[in-house]
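Novice: Below you'll find the structure I mean.
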Amino acid sequence: MSGELHAYALLVLVGFLPNEIWRVLGLVFAHGIDEESELFVWARAVATAVLAGVIAKILLFPPGVLADVPLVVRLGAIACGLLAFLLVRRSVFAGVAAGEVADQRFPFGAGSQPLQ
């Protein structure tokens, strides 16, 4: 086995398979669980709150190159993404795509030059 194939085999054995085992076990054990139970509603609310907090932190205190983008552009991109998400039957893909396009095309934004 060549060195390159060795790396791929190691990646599958150490990176992929351990995660897949937990996914399969989760499917097996969660088969009869009620998704609308109080525990799952609470867990979904906590996960949503954590995600909202991370997005707010990145939006208000941007890391790296995102700090060069003005706040109004970041807020506009979030607003466009949210609007697209709601208009296209809660499509995450539509929301992300619209937010990205708004960020790239908004005047004075990081991507105000045409895409190459």
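Quick note on naming: the chains in the structure tokens go A, B, ... in the order shown, residues restart at 1 in each chain, and ligands are numbered from 1 in order of appearance.
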Residues at most 10 Å from Ile78 (chain A), counting only C-alpha atoms, excluding those fewer than 2 positions away in the same chain, as a list in words?
Specialist: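 Residues near the query, excluding close chain neighbours: Ile55, Leu59, Val72, Val73, Arg74, Leu75, Gly76, Cys80, Gly81, Leu82, Leu83, Ala84, Gly95, Val96, Ala98, Gly99, Glu100, Ala102 and Asp103 of chain A.
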Novice: Name the residues of chain A that come out as alpha helix (DSSP H) in a backbone DSSP run; write them as a short mmCIF file (atom, residue, chain, number, x, y, z; two decimals) with C-alpha atoms, in the first residue's frame.
Specialist:
data_model
loop_
_atom_site.label_atom_id
_atom_site.label_comp_id
_atom_site.auth_asym_id
_atom_site.auth_seq_id
_atom_site.Cartn_x
_atom_site.Cartn_y
_atom_site.Cartn_z
CA GLY A 3 1.91 6.23 1.47
CA GLU A 4 -1.00 8.19 -0.01
CA LEU A 5 -3.42 5.26 0.28
CA HIS A 6 -2.18 4.70 3.83
CA ALA A 7 -3.27 8.24 4.72
CA TYR A 8 -6.75 7.69 3.25
CA ALA A 9 -7.17 4.38 5.06
CA LEU A 10 -6.12 6.03 8.33
CA LEU A 11 -8.57 8.87 7.70
CA LEU A 17 -15.91 5.07 11.23
CA PRO A 18 -15.96 6.19 14.89
CA ASN A 19 -18.54 8.87 14.03
CA GLU A 20 -20.66 6.56 11.94
CA ILE A 21 -20.94 4.05 14.77
CA TRP A 22 -22.56 6.69 17.00
CA ARG A 23 -24.91 7.77 14.22
CA VAL A 24 -26.10 4.22 13.64
CA LEU A 25 -26.52 3.60 17.37
CA GLY A 26 -28.49 6.85 17.62
CA LEU A 27 -30.83 5.65 14.88
CA VAL A 28 -31.29 2.28 16.56
CA PHE A 29 -32.00 3.63 20.04
CA GLU A 38 -40.73 17.89 26.62
CA LEU A 39 -37.11 16.74 26.68
CA PHE A 40 -36.68 17.02 22.92
CA VAL A 41 -38.52 20.35 22.73
CA TRP A 42 -36.18 21.67 25.45
CA ALA A 43 -33.07 20.28 23.71
CA ARG A 44 -34.15 21.84 20.40
CA ALA A 45 -34.71 25.20 22.13
CA VAL A 46 -31.28 25.07 23.79
CA ALA A 47 -29.58 24.16 20.50
CA THR A 48 -31.37 26.99 18.71
CA ALA A 49 -30.39 29.47 21.44
CA VAL A 50 -26.74 28.41 21.29
CA LEU A 51 -26.73 28.75 17.50
CA ALA A 52 -28.34 32.20 17.72
CA GLY A 53 -25.72 33.25 20.26
CA VAL A 54 -22.85 32.11 18.05
CA ILE A 55 -24.31 33.91 15.03
CA ALA A 56 -24.82 37.09 17.08
CA LYS A 57 -21.24 36.95 18.37
CA ILE A 58 -19.83 36.49 14.87
CA LEU A 59 -22.07 39.27 13.56
CA LEU A 60 -21.22 41.82 16.26
CA LEU A 71 -21.82 46.24 10.22
CA VAL A 72 -24.61 47.51 7.96
CA VAL A 73 -23.54 45.04 5.26
CA ARG A 74 -23.44 42.15 7.72
CA LEU A 75 -26.89 43.09 9.08
CA GLY A 76 -28.25 43.48 5.54
CA ALA A 77 -26.96 40.05 4.55
CA ILE A 78 -28.55 38.49 7.65
CA ALA A 79 -31.86 40.25 6.88
CA CYS A 80 -31.83 39.08 3.24
CA GLY A 81 -31.01 35.55 4.29
CA LEU A 82 -33.80 35.51 6.87
CA LEU A 83 -36.30 36.89 4.37
CA ALA A 84 -35.34 34.27 1.76
CA PHE A 85 -35.52 31.54 4.41
CA LEU A 86 -39.07 32.55 5.30
CA LEU A 87 -40.25 33.10 1.72
CA VAL A 92 -31.91 26.81 4.83
CA PHE A 93 -30.21 26.62 1.43
CA ALA A 94 -32.22 29.60 0.10
CA GLY A 95 -31.42 31.61 3.23
CA VAL A 96 -27.69 30.94 3.08
CA ALA A 97 -27.54 31.58 -0.67
CA ALA A 98 -29.47 34.87 -0.40
CA GLY A 99 -27.33 36.05 2.50
CA GLU A 100 -24.17 35.26 0.57
CA VAL A 101 -25.38 37.03 -2.56
CA ALA A 102 -26.43 40.05 -0.49
CA ASP A 103 -23.03 40.14 1.19
CA GLN A 104 -21.24 39.94 -2.15
CA ARG A 105 -23.40 42.50 -3.96
#
